[in-house]
Structure formats: C-alpha cells, structure tokens
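Undergrad: Handing over my_file08.tsv, TSV, C-alpha atoms and all ligand atoms.
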chain	number	residue	atom	x	y	z
O	5	MET	CA	100.28	-22.04	-2.56
O	6	GLY	CA	97.24	-22.11	-0.35
O	7	THR	CA	94.95	-19.98	-2.46
O	8	GLY	CA	93.53	-22.61	-4.76
O	9	ASP	CA	94.33	-20.53	-7.84
O	10	HIS	CA	97.25	-22.44	-9.30
O	11	MET	CA	95.76	-25.69	-10.62
O	12	SER	CA	98.01	-27.34	-8.07
O	13	LEU	CA	95.48	-30.15	-7.51
O	14	LYS	CA	94.82	-30.99	-11.17
O	15	GLY	CA	93.60	-34.58	-11.42
O	16	GLN	CA	93.38	-35.12	-7.67
O	17	ILE	CA	90.25	-36.63	-6.16
O	18	ALA	CA	88.71	-34.71	-3.26
O	19	LEU	CA	85.66	-35.22	-1.05
O	20	VAL	CA	84.09	-32.62	1.23
O	21	THR	CA	81.23	-33.27	3.65
O	22	GLY	CA	78.79	-30.45	4.38
O	23	ALA	CA	79.85	-28.89	1.09
O	24	ASN	CA	76.70	-26.83	0.49
O	25	SER	CA	77.36	-24.16	3.10
O	26	GLY	CA	79.93	-22.18	5.06
O	27	VAL	CA	83.43	-23.62	5.41
O	28	GLY	CA	82.56	-26.69	3.32
O	29	LYS	CA	81.27	-24.69	0.35
O	30	SER	CA	84.21	-22.33	0.47
O	31	THR	CA	86.62	-25.28	0.60
O	32	ALA	CA	84.76	-26.89	-2.32
O	33	GLU	CA	85.16	-23.74	-4.44
O	34	LEU	CA	88.85	-23.46	-3.65
O	35	LEU	CA	89.44	-27.15	-4.40
O	36	VAL	CA	87.84	-27.00	-7.85
O	37	ARG	CA	89.63	-23.74	-8.66
O	38	ALA	CA	92.85	-25.61	-7.92
O	39	GLY	CA	91.76	-28.27	-10.45
O	40	ALA	CA	90.66	-31.07	-8.09
O	41	ASP	CA	87.86	-33.41	-9.13
O	42	LEU	CA	85.39	-32.98	-6.31
O	43	THR	CA	82.53	-34.89	-4.74
O	44	MET	CA	80.34	-32.68	-2.59
O	45	ILE	CA	78.61	-34.65	0.15
O	46	CYS	CA	75.43	-32.92	1.30
O	47	ARG	CA	72.43	-33.82	3.44
O	48	SER	CA	69.74	-32.09	1.36
O	49	ARG	CA	69.40	-32.65	-2.38
O	50	GLU	CA	67.83	-29.23	-2.82
O	51	ARG	CA	70.56	-27.33	-0.97
O	52	GLY	CA	73.19	-29.59	-2.52
O	53	GLU	CA	72.06	-28.92	-6.09
O	54	ALA	CA	71.97	-25.16	-5.54
O	55	ALA	CA	75.52	-25.25	-4.15
O	56	LEU	CA	76.70	-27.65	-6.89
O	57	ALA	CA	75.75	-25.08	-9.55
O	58	GLU	CA	77.70	-22.36	-7.72
O	59	VAL	CA	80.76	-24.55	-7.17
O	60	GLN	CA	80.69	-25.64	-10.84
O	61	ARG	CA	80.67	-21.98	-11.85
O	62	ALA	CA	83.58	-21.26	-9.51
O	63	GLY	CA	85.56	-24.11	-11.08
O	64	ALA	CA	84.56	-23.53	-14.71
O	65	ALA	CA	87.98	-22.24	-15.74
O	66	ALA	CA	89.69	-25.25	-14.19
O	67	SER	CA	87.29	-27.67	-15.96
O	68	ALA	CA	87.32	-29.83	-12.86
O	69	GLU	CA	84.64	-32.46	-12.44
O	70	VAL	CA	82.17	-31.71	-9.64
O	71	ARG	CA	79.61	-34.23	-8.42
O	72	LEU	CA	76.99	-34.29	-5.72
O	73	GLU	CA	76.27	-37.15	-3.32
O	74	ILE	CA	73.49	-37.08	-0.75
O	75	ALA	CA	73.91	-38.56	2.73
O	76	ASP	CA	72.81	-37.68	6.24
O	77	LEU	CA	75.91	-38.34	8.33
O	78	SER	CA	73.86	-39.01	11.45
O	79	ARG	CA	72.42	-42.08	9.69
O	80	PRO	CA	74.84	-45.01	9.43
O	81	ALA	CA	72.78	-46.61	6.64
O	82	ASP	CA	73.21	-43.44	4.56
O	83	VAL	CA	76.96	-43.38	5.23
O	84	ARG	CA	77.34	-47.03	4.22
O	85	ALA	CA	75.31	-46.56	1.04
O	86	LEU	CA	77.38	-43.46	0.18
O	87	ALA	CA	80.69	-45.28	0.73
O	88	GLY	CA	79.46	-48.14	-1.45
O	89	ARG	CA	78.59	-45.76	-4.30
O	90	LEU	CA	81.93	-43.96	-3.99
O	91	ALA	CA	83.93	-47.20	-3.96
O	92	ALA	CA	82.29	-48.20	-7.24
O	93	TRP	CA	83.94	-45.37	-9.19
O	94	LEU	CA	86.70	-43.87	-7.01
O	95	PRO	CA	89.82	-46.03	-7.08
O	96	ALA	CA	91.87	-43.58	-5.04
O	97	ILE	CA	91.11	-40.65	-2.77
O	98	ASP	CA	93.64	-37.85	-2.39
O	99	ILE	CA	91.79	-35.49	-0.05
O	100	LEU	CA	88.98	-36.05	2.45
O	101	VAL	CA	87.63	-33.02	4.29
O	102	ASN	CA	85.38	-34.14	7.15
O	103	ASN	CA	83.68	-30.80	7.65
O	104	ALA	CA	79.93	-31.24	8.17
O	105	GLY	CA	78.81	-30.25	11.63
O	106	ALA	CA	75.77	-29.48	13.71
O	107	TRP	CA	75.44	-27.27	16.78
O	108	LEU	CA	72.13	-27.89	18.55
O	109	HIS	CA	70.73	-26.20	21.66
O	110	ARG	CA	68.74	-29.15	22.93
O	111	ARG	CA	69.26	-32.84	23.37
O	112	GLU	CA	68.10	-34.90	20.40
O	113	ILE	CA	68.60	-38.63	20.00
O	114	SER	CA	69.18	-40.36	16.65
O	115	PRO	CA	67.15	-43.45	15.68
O	116	GLU	CA	70.21	-45.55	16.59
O	117	GLY	CA	70.17	-44.07	20.10
O	118	PHE	CA	73.04	-41.56	19.95
O	119	GLU	CA	73.06	-37.88	20.87
O	120	MET	CA	72.53	-36.16	17.52
O	121	MET	CA	75.69	-33.98	17.47
O	122	PHE	CA	77.79	-36.96	18.56
O	123	ALA	CA	76.16	-39.04	15.80
O	124	THR	CA	76.77	-36.39	13.13
O	125	ASN	CA	79.99	-34.65	14.08
O	126	HIS	CA	81.90	-37.69	15.33
O	127	LEU	CA	80.34	-41.08	14.49
O	128	GLY	CA	79.30	-40.22	10.91
O	129	HIS	CA	82.80	-39.11	9.98
O	130	PHE	CA	84.43	-41.95	11.93
O	131	LEU	CA	82.41	-44.49	9.93
O	132	LEU	CA	82.82	-42.72	6.58
O	133	THR	CA	86.60	-42.46	6.97
O	134	HIS	CA	86.88	-46.15	7.88
O	135	LEU	CA	84.82	-47.16	4.86
O	136	LEU	CA	87.01	-45.01	2.57
O	137	LEU	CA	90.30	-46.17	4.04
O	138	ASP	CA	91.40	-48.37	1.12
O	139	GLY	CA	90.74	-45.50	-1.31
O	140	LEU	CA	92.65	-43.09	0.92
O	141	ALA	CA	95.57	-45.51	1.17
O	142	ALA	CA	95.61	-45.80	-2.63
O	143	GLY	CA	95.69	-42.01	-3.09
O	144	ARG	CA	97.49	-39.15	-1.32
O	145	GLY	CA	95.31	-39.89	1.68
O	146	ARG	CA	95.23	-36.42	3.22
O	147	ILE	CA	92.46	-36.11	5.80
O	148	VAL	CA	91.37	-32.83	7.37
O	149	ASN	CA	88.89	-33.03	10.24
O	150	VAL	CA	87.20	-29.70	10.87
O	151	SER	CA	87.00	-29.36	14.65
O	152	SER	CA	86.58	-26.16	16.66
O	153	ASP	CA	88.21	-24.26	19.49
O	154	ALA	CA	84.96	-25.21	21.29
O	155	HIS	CA	86.74	-28.56	21.81
O	156	ARG	CA	88.41	-26.77	24.75
O	157	TYR	CA	85.02	-26.96	26.54
O	158	GLY	CA	84.75	-30.67	25.81
O	159	ASP	CA	85.21	-33.10	28.67
O	160	LEU	CA	85.07	-36.76	27.73
O	161	ARG	CA	86.42	-37.82	31.14
O	162	ARG	CA	83.53	-36.49	33.22
O	163	ALA	CA	81.31	-39.53	32.62
O	164	GLY	CA	81.61	-42.81	30.79
O	165	LEU	CA	81.83	-42.50	27.01
O	166	GLU	CA	78.70	-44.61	26.66
O	167	ALA	CA	76.68	-42.07	28.70
O	168	ILE	CA	78.11	-39.15	26.73
O	169	ALA	CA	77.50	-40.80	23.34
O	170	ARG	CA	73.93	-41.70	24.27
O	171	GLY	CA	73.13	-38.18	25.50
O	172	ASP	CA	72.67	-39.37	29.10
O	173	ALA	CA	75.46	-37.04	30.26
O	174	TRP	CA	74.06	-34.02	28.35
O	175	ARG	CA	75.26	-30.72	29.78
O	176	GLY	CA	73.84	-28.12	27.43
O	177	GLY	CA	74.28	-27.53	23.72
O	178	PHE	CA	77.60	-25.71	23.72
O	179	LYS	CA	79.52	-28.02	26.05
O	180	SER	CA	78.03	-31.13	24.44
O	181	TYR	CA	79.05	-29.69	21.04
O	182	GLY	CA	82.51	-29.20	22.59
O	183	ASP	CA	82.54	-32.92	23.48
O	184	THR	CA	82.00	-33.84	19.82
O	185	LYS	CA	84.68	-31.41	18.64
O	186	LEU	CA	87.11	-32.91	21.18
O	187	ALA	CA	86.18	-36.30	19.70
O	188	ASN	CA	87.22	-34.93	16.26
O	189	VAL	CA	90.68	-34.09	17.63
O	190	LEU	CA	91.06	-37.44	19.44
O	191	PHE	CA	89.98	-39.27	16.26
O	192	THR	CA	92.58	-37.33	14.24
O	193	PHE	CA	95.45	-38.12	16.59
O	194	GLU	CA	94.50	-41.79	17.00
O	195	SER	CA	94.09	-42.26	13.25
O	196	ILE	CA	97.73	-41.29	12.82
O	197	ARG	CA	98.81	-43.88	15.37
O	198	ARG	CA	96.73	-46.54	13.60
O	199	TRP	CA	96.99	-45.62	9.93
O	200	GLU	CA	100.33	-43.89	9.46
O	201	ASP	CA	101.82	-47.04	7.96
O	202	ARG	CA	99.11	-46.91	5.27
O	203	GLY	CA	100.40	-43.53	4.11
O	204	ILE	CA	97.49	-41.59	5.57
O	205	THR	CA	97.98	-38.13	7.03
O	206	ALA	CA	95.41	-36.41	9.21
O	207	ASN	CA	95.21	-32.92	10.69
O	208	THR	CA	92.47	-31.06	12.47
O	209	LEU	CA	91.64	-27.41	12.77
O	210	HIS	CA	89.51	-24.61	14.13
O	211	PRO	CA	88.40	-22.80	10.96
O	212	GLY	CA	87.80	-19.43	12.66
O	213	THR	CA	84.69	-17.84	14.15
O	214	LEU	CA	82.87	-17.46	10.89
O	215	ARG	CA	79.76	-16.06	9.26
O	216	THR	CA	78.13	-19.38	8.35
O	217	ARG	CA	74.75	-21.08	8.97
O	218	ILE	CA	75.95	-23.07	12.00
O	219	ALA	CA	73.83	-21.05	14.49
O	220	ARG	CA	70.73	-20.71	12.36
O	221	ARG	CA	68.53	-23.06	14.37
O	222	ASN	CA	70.31	-22.73	17.70
O	223	ARG	CA	67.95	-21.14	20.24
O	224	SER	CA	70.53	-20.72	23.05
O	225	THR	CA	71.73	-17.27	24.13
O	226	LEU	CA	75.06	-17.91	22.41
O	227	GLY	CA	73.24	-18.94	19.23
O	228	LEU	CA	71.20	-15.76	19.34
O	229	LEU	CA	74.36	-13.72	19.93
O	230	MET	CA	76.09	-15.37	16.96
O	231	ARG	CA	73.12	-14.59	14.71
O	232	MET	CA	72.93	-10.99	15.95
O	233	THR	CA	76.66	-10.37	15.40
O	234	ARG	CA	76.71	-12.30	12.11
O	235	SER	CA	77.75	-9.32	10.02
O	236	LEU	CA	80.79	-8.78	12.27
O	237	LEU	CA	82.07	-12.33	11.87
O	238	THR	CA	84.76	-13.38	9.42
O	239	ARG	CA	84.00	-14.68	5.92
O	240	PRO	CA	83.94	-18.52	5.63
O	241	GLU	CA	86.75	-18.29	3.04
O	242	ILE	CA	89.16	-17.87	5.96
O	243	GLY	CA	88.30	-21.42	7.01
O	244	GLY	CA	88.38	-22.71	3.42
O	245	ARG	CA	91.86	-21.27	2.93
O	246	ALA	CA	93.06	-22.82	6.19
O	247	VAL	CA	91.88	-26.24	4.94
O	248	MET	CA	93.56	-25.65	1.57
O	249	ARG	CA	96.85	-24.89	3.25
O	250	LEU	CA	96.82	-28.40	4.68
O	251	VAL	CA	95.91	-30.26	1.50
O	252	GLU	CA	97.33	-28.33	-1.42
O	253	ASP	CA	101.08	-28.28	-1.14
O	254	PRO	CA	102.78	-31.70	-1.59
O	255	SER	CA	105.71	-30.41	0.47
O	256	ARG	CA	103.35	-30.46	3.45
O	257	ASP	CA	102.63	-34.17	3.06
O	258	ASP	CA	104.66	-34.88	6.19
O	259	VAL	CA	102.55	-32.44	8.24
O	260	THR	CA	100.33	-34.78	10.19
O	261	GLY	CA	98.71	-35.25	13.59
O	262	ARG	CA	98.52	-31.50	14.28
O	263	TYR	CA	95.88	-29.10	15.53
O	264	PHE	CA	95.64	-25.68	13.87
O	265	LYS	CA	93.85	-22.55	14.95
O	266	VAL	CA	93.00	-21.33	11.45
O	267	GLU	CA	96.51	-21.41	9.93
O	268	GLU	CA	98.59	-21.41	13.10
O	269	GLU	CA	99.63	-24.68	14.72
O	270	VAL	CA	98.73	-24.60	18.42
O	271	ARG	CA	98.26	-27.15	21.19
O	272	ALA	CA	94.82	-28.62	21.59
O	273	GLN	CA	93.39	-29.03	25.11
O	274	ALA	CA	94.99	-31.58	27.42
O	275	GLN	CA	92.44	-34.41	26.93
O	276	ALA	CA	93.24	-34.42	23.20
O	277	TYR	CA	96.66	-35.92	24.07
O	278	ASP	CA	95.24	-38.59	26.39
O	279	ALA	CA	96.16	-41.72	24.41
O	280	ASP	CA	94.06	-43.99	26.65
O	281	LEU	CA	90.99	-41.84	26.06
O	282	ALA	CA	91.67	-41.79	22.30
O	283	ARG	CA	92.01	-45.57	22.23
O	284	GLU	CA	88.82	-46.08	24.23
O	285	LEU	CA	86.87	-43.66	22.02
O	286	TRP	CA	88.17	-45.47	18.93
O	287	GLU	CA	87.30	-48.94	20.20
O	288	ARG	CA	83.84	-47.89	21.32
O	289	SER	CA	83.21	-46.01	18.08
O	290	LEU	CA	84.13	-49.18	16.18
O	291	ALA	CA	81.56	-51.11	18.21
O	292	TRP	CA	78.90	-48.37	17.93
O	293	THR	CA	79.23	-48.02	14.15
O	294	GLY	CA	80.25	-51.55	13.22
O	295	ALA	CA	83.13	-50.05	11.20
O	296	ALA	CA	85.93	-52.54	10.76
K	1	LIG	N1	81.17	-21.16	11.90
K	1	LIG	C1	82.03	-21.15	12.89
K	1	LIG	O1	82.27	-20.13	13.53
K	1	LIG	C2	82.74	-22.42	13.27
K	1	LIG	C3	83.67	-22.36	14.32
K	1	LIG	C4	84.36	-23.53	14.66
K	1	LIG	C5	84.13	-24.70	13.98
K	1	LIG	N2	83.21	-24.75	12.98
K	1	LIG	C6	83.02	-26.05	12.30
K	1	LIG	O2	83.02	-25.84	10.90
K	1	LIG	C7	82.30	-26.91	10.27
K	1	LIG	C8	81.40	-26.33	9.20
K	1	LIG	O3	80.39	-25.55	9.81
K	1	LIG	P1	79.95	-24.14	9.23
K	1	LIG	O4	80.29	-23.13	10.24
K	1	LIG	O5	80.40	-23.97	7.83
K	1	LIG	O6	78.35	-24.31	9.35
K	1	LIG	P2	77.18	-24.47	8.26
K	1	LIG	O7	77.18	-23.31	7.34
K	1	LIG	O8	75.96	-24.74	9.06
K	1	LIG	O9	77.60	-25.77	7.47
K	1	LIG	C9	77.51	-27.05	8.07
K	1	LIG	C10	77.35	-28.10	7.00
K	1	LIG	O10	77.22	-29.38	7.63
K	1	LIG	C11	76.06	-30.02	7.09
K	1	LIG	N3	75.44	-30.97	8.01
K	1	LIG	C12	74.93	-30.73	9.24
K	1	LIG	N4	74.39	-31.85	9.74
K	1	LIG	C13	74.55	-32.82	8.79
K	1	LIG	C14	74.19	-34.19	8.70
K	1	LIG	N5	73.53	-34.81	9.68
K	1	LIG	N6	74.53	-34.87	7.59
K	1	LIG	C15	75.18	-34.27	6.58
K	1	LIG	N7	75.54	-32.97	6.60
K	1	LIG	C16	75.22	-32.26	7.69
K	1	LIG	C17	75.12	-28.87	6.78
K	1	LIG	O11	74.10	-29.30	5.91
K	1	LIG	P3	72.64	-28.57	5.90
K	1	LIG	O12	72.79	-27.37	5.03
K	1	LIG	O13	71.76	-29.63	5.34
K	1	LIG	O14	72.31	-28.22	7.32
K	1	LIG	C18	76.09	-27.88	6.15
K	1	LIG	O15	76.36	-28.24	4.83
K	1	LIG	C19	81.57	-27.65	11.38
K	1	LIG	O16	82.23	-28.87	11.65
K	1	LIG	C20	81.68	-26.71	12.57
K	1	LIG	O17	81.69	-27.42	13.80
K	1	LIG	C21	82.51	-23.64	12.61
Could you write out this structure as structure tokens?
TA:
Amino acid sequence: MGTGDHMSLKGQIALVTGANSGVGKSTAELLVRAGADLTMICRSRERGEAALAEVQRAGAAASAEVRLEIADLSRPADVRALAGRLAAWLPAIDILVNNAGAWLHRREISPEGFEMMFATNHLGHFLLTHLLLDGLAAGRGRIVNVSSDAHRYGDLRRAGLEAIARGDAWRGGFKSYGDTKLANVLFTFESIRRWEDRGITANTLHPGTLRTRIARRNRSTLGLLMRMTRSLLTRPEIGGRAVMRLVEDPSRDDVTGRYFKVEEEVRAQAQAYDADLARELWERSLAWTGAA
C-alpha cells in the first residue's frame, strides 16, 4: 500500500487543490493510478488543462475519471461557485487533499481585505472544506491538509488574529507563510474536535523540501536560494506518496488528528496544540468567510 499502483481506490471520489503542479500533481497521478475518480482543482485553466492531460495519461490503465475545475482559492466567490458545482454531481467525497499553497515575499492584500497567503493557504481551504462537509460525511471523509515544517516559524499569539489575517502584523514572507501553515495545523486539529462524530478524519503533513514551483516568484533571499538549489531538492513524488499513505489504506481510517513530517508522525510546534487558539481561529474564520 502507499504506492498508488494497486487499484486500491477504485470507485472512490477524490479532490485535490493545486493539482497542476508539484505535490498536488504528483498526488493526482498517484490517486488516478490507484483507480480513484479525481477532480483536479486548479487556479489557471491553461495550466490546469495541460496537467489534466498528463494526469489522464498517468491514469489511463486504471480508466479512472479525471475532471478539471477552476477556482482561485483566495477568492471566496470562486470557492462558493466551485462547491456549488461539485455538490450538483458529487453525492459523496472520499478524499479531500487541501494542497494548494502560495509563498510570497511581499505583503499583498486580497479584494476582501486579507493577507494573500492567509486568504489562499488558510481561508480558501477552510471555506471549501466547510462547503463540502455533507459530501465528506457521506463518503470516507478523509481530509489531508498539506502544511509545512515552516509552521514552526508561525506565531499566531504575537498579535491579534484580526491583525495577522489582515496583513497588519506582517513580518516578512517566510514567517507570515509560517503563520498560514500553522493555521493549517490548527484547522486540522480543531476539525477533528468538531467533526469526528460525522465520521471525518483529518491529518496534516510537511511533504518534504521539494523541487516544485513554490519559490518561482519569491524574490526573497530564501526564495533565490531555493531556486538556485532546485536540482538538489527532492522530487515532488515524495510528498505525493506521503499523502497517499494517509488516504489509501482503509486500515488507517482511524489515523486522525496527526502531524507528519513526510511519512513520520512527529509533534507539531507548541501553538498547534493550543485549543483556545484553535477555537478562536475557527470562530473568526467562520465570521471572515461566512462558512456555516
Ligand atoms: N515545495 C516544498 O518544499 C514545500 C515544503 C513544505 C510545504 N509545501 C506545501 O506543499 C503545497 C504544494 O506546494 P508545491 O511545493 O507543490 O508548490 P507549487 O508547485 O507552486 O504548487 C502549488 C499549487 O497551488 C496552486 N495555487 C497557488 N495559489 C492558488 C490560489 N490562489 N488558488 C488556487 N490554487 C493556487 C498553484 O497554482 P498555480 O500553478 O496557478 O500557481 C499550484 O497548483 C503547498 O501547500 C506548500 O505550502 C511545499
């Protein structure tokens, strides 16, 4: 198990955000090879269609169905429209991989007034998951939130959450990215407390330090370093396989509420276990997104 080569997911319904590149594309290929019917959620139609053709080729032997949906996760209207389209033809969702992510070097604010990485990496997935909850509860309901070991640099206690979410407490691209990745872990752990009785499981992971496109537009020194050392970094498949390990084997259905460094379960940073912080982030995210 864990390689996506055994048709172990035949007939299961899977969704992956950010499925046109890096970890998301690798996960998409492994899911369809394992027989899952997949919806790839991508921001750009052009990049999405190019990746769709590749993923379809990867899954040809499994004759899995692969579809493409377009949505910019930083835009709540896009996320709502996407969820509406999905609800129309997806009665049950077995696997949701919240993977899309941005790492920016400068402060950008979304039209709704949120720091752009916070809007994309946290709020977009928070809203999408809420809107898909009934489908998840009707299916196997396995959620994987792709976080990062950069969450260890996150600090959501240093200022009010409102100031952090709005970009008023900006402290550079890497640490602010770390804030959003810490939010991914807090969201995962709180979703178990709130949704466990609906049969949902949720885990979160660092997919590895990987040769993907995450640093392509990042003009910080670290971004430059990542681009310069690109060829030395690990293949994105390492991250895809780590995701597969969490979703493929039904005997792991009771594995929930954990943080993994690639395939090894480790402790997340201390704030990730702060239940008051998790509750406050959840309540505020509900108000910010209007998810109910
Ligand atoms: N690479 C690493 O070393 C590393 C380490 C730790 C964690 N991670 C995490 O792994 C996940 C995947 O990243 P990656 O490394 O595979 O990078 P990547 O190759 O840049 O892929 C990121 C994906 O997210 C999509 N995306 C970004 N902003 C979006 C938005 N507003 N709406 C919809 N989709 C959006 C991108 O779409 P476009 O093609 O349109 O930009 C792309 O498909 C991220 O959550 C990242 O934080 C990566």
Undergrad: May I have the residues within 7 Å of ligand LIG 1 (chain K), computed using all atoms listed in the file, as a PyMOL selection string?
TA: chain O and resi 21-28+46-48+51+75-78+103-107+124-125+150-154+185+210-219+240
Undergrad: Pick from O:Lys29, O:Lys179, O:Arg111, O:Arg198: nearest to Gly243 in chain O, with all atoms listed in the file counted?
TA: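 Closest to Gly243 in chain O, using all atoms listed in the file: O:Lys29.
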Undergrad: Here is a test: counting only C-alpha atoms, which residue of O:Gly261, O:Gly128, O:Gly145, O:Gly203 is nearest to Ala87 in chain O?
TA: O:Gly128
Undergrad: In terms of the shortest atom-to-atom distance over only C-alpha atoms, which of O:Arg37, O:Arg288, O:Arg220, O:His10 is closest to Val70 in chain O?
TA: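 Looking at the shortest contact to Val70 in chain O, the residue is O:Arg37.
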Undergrad: Counting only C-alpha atoms, which residue out of O:Asp280, O:Glu33, O:Glu119, O:Glu50 sits closest to Val247 in chain O?
TA: O:Glu33
Undergrad: Here is a test: counting all atoms listed in the file, which residue of O:Thr225, O:Ser255, O:Gln60, O:Ser235 is nearest to His109 in chain O?
TA: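 Counting all atoms listed in the file, the residue closest to His109 in chain O is O:Thr225.
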Undergrad: I'd like to know which of O:Ala81, O:Leu136, O:Leu100, O:Ala282 is closest to Gly294 in chain O, using only C-alpha atoms.
TA: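 Looking at the shortest contact to Gly294 in chain O, the residue is O:Ala81.
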Undergrad: Hey, can you check how far CA of Ala246 in chain O sits from CA of Ala38 in chain O?
TA: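 These two atoms are separated by 14.4 Å.
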Undergrad: Need to verify the contact set: Ala68 in chain O, 7 Å, only C-alpha atoms, exclusion of same-chain residues closer than 2 positions in sequence. Can you return it as a compact mmCIF listing (two decimals) with C-alpha atoms, in the frame of the given file?
TA:
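Result file is around-v8.txt:
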# COMPACT_ATOMS: atom_id res chain seq x y z
CA VAL O 36 87.84 -27.00 -7.85
CA GLY O 39 91.76 -28.27 -10.45
CA ALA O 40 90.66 -31.07 -8.09
CA ASP O 41 87.86 -33.41 -9.13
CA GLY O 63 85.56 -24.11 -11.08
CA ALA O 66 89.69 -25.25 -14.19
CA VAL O 70 82.17 -31.71 -9.64
Undergrad: What is the CA of Phe130 in chain O to CA of Tyr277 in chain O distance in Å?
TA: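 About the pair CA of Phe130 in chain O and CA of Tyr277 in chain O: they are 18.3 Å apart.
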Undergrad: Just how far from CA of Leu209 in chain O is CA of Val266 in chain O, in Å to one decimal?
TA: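 For CA of Val266 in chain O relative to CA of Leu209 in chain O, the distance reads 6.4 Å.
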Undergrad: For Arg49 in chain O, find every residue with an atom within 10 Å (counting all atoms listed in the file), except residues of its own chain fewer than 4 positions away, and show them as an MDAnalysis selection string.
TA: chainID O and resid 24 45 53:56 72:75
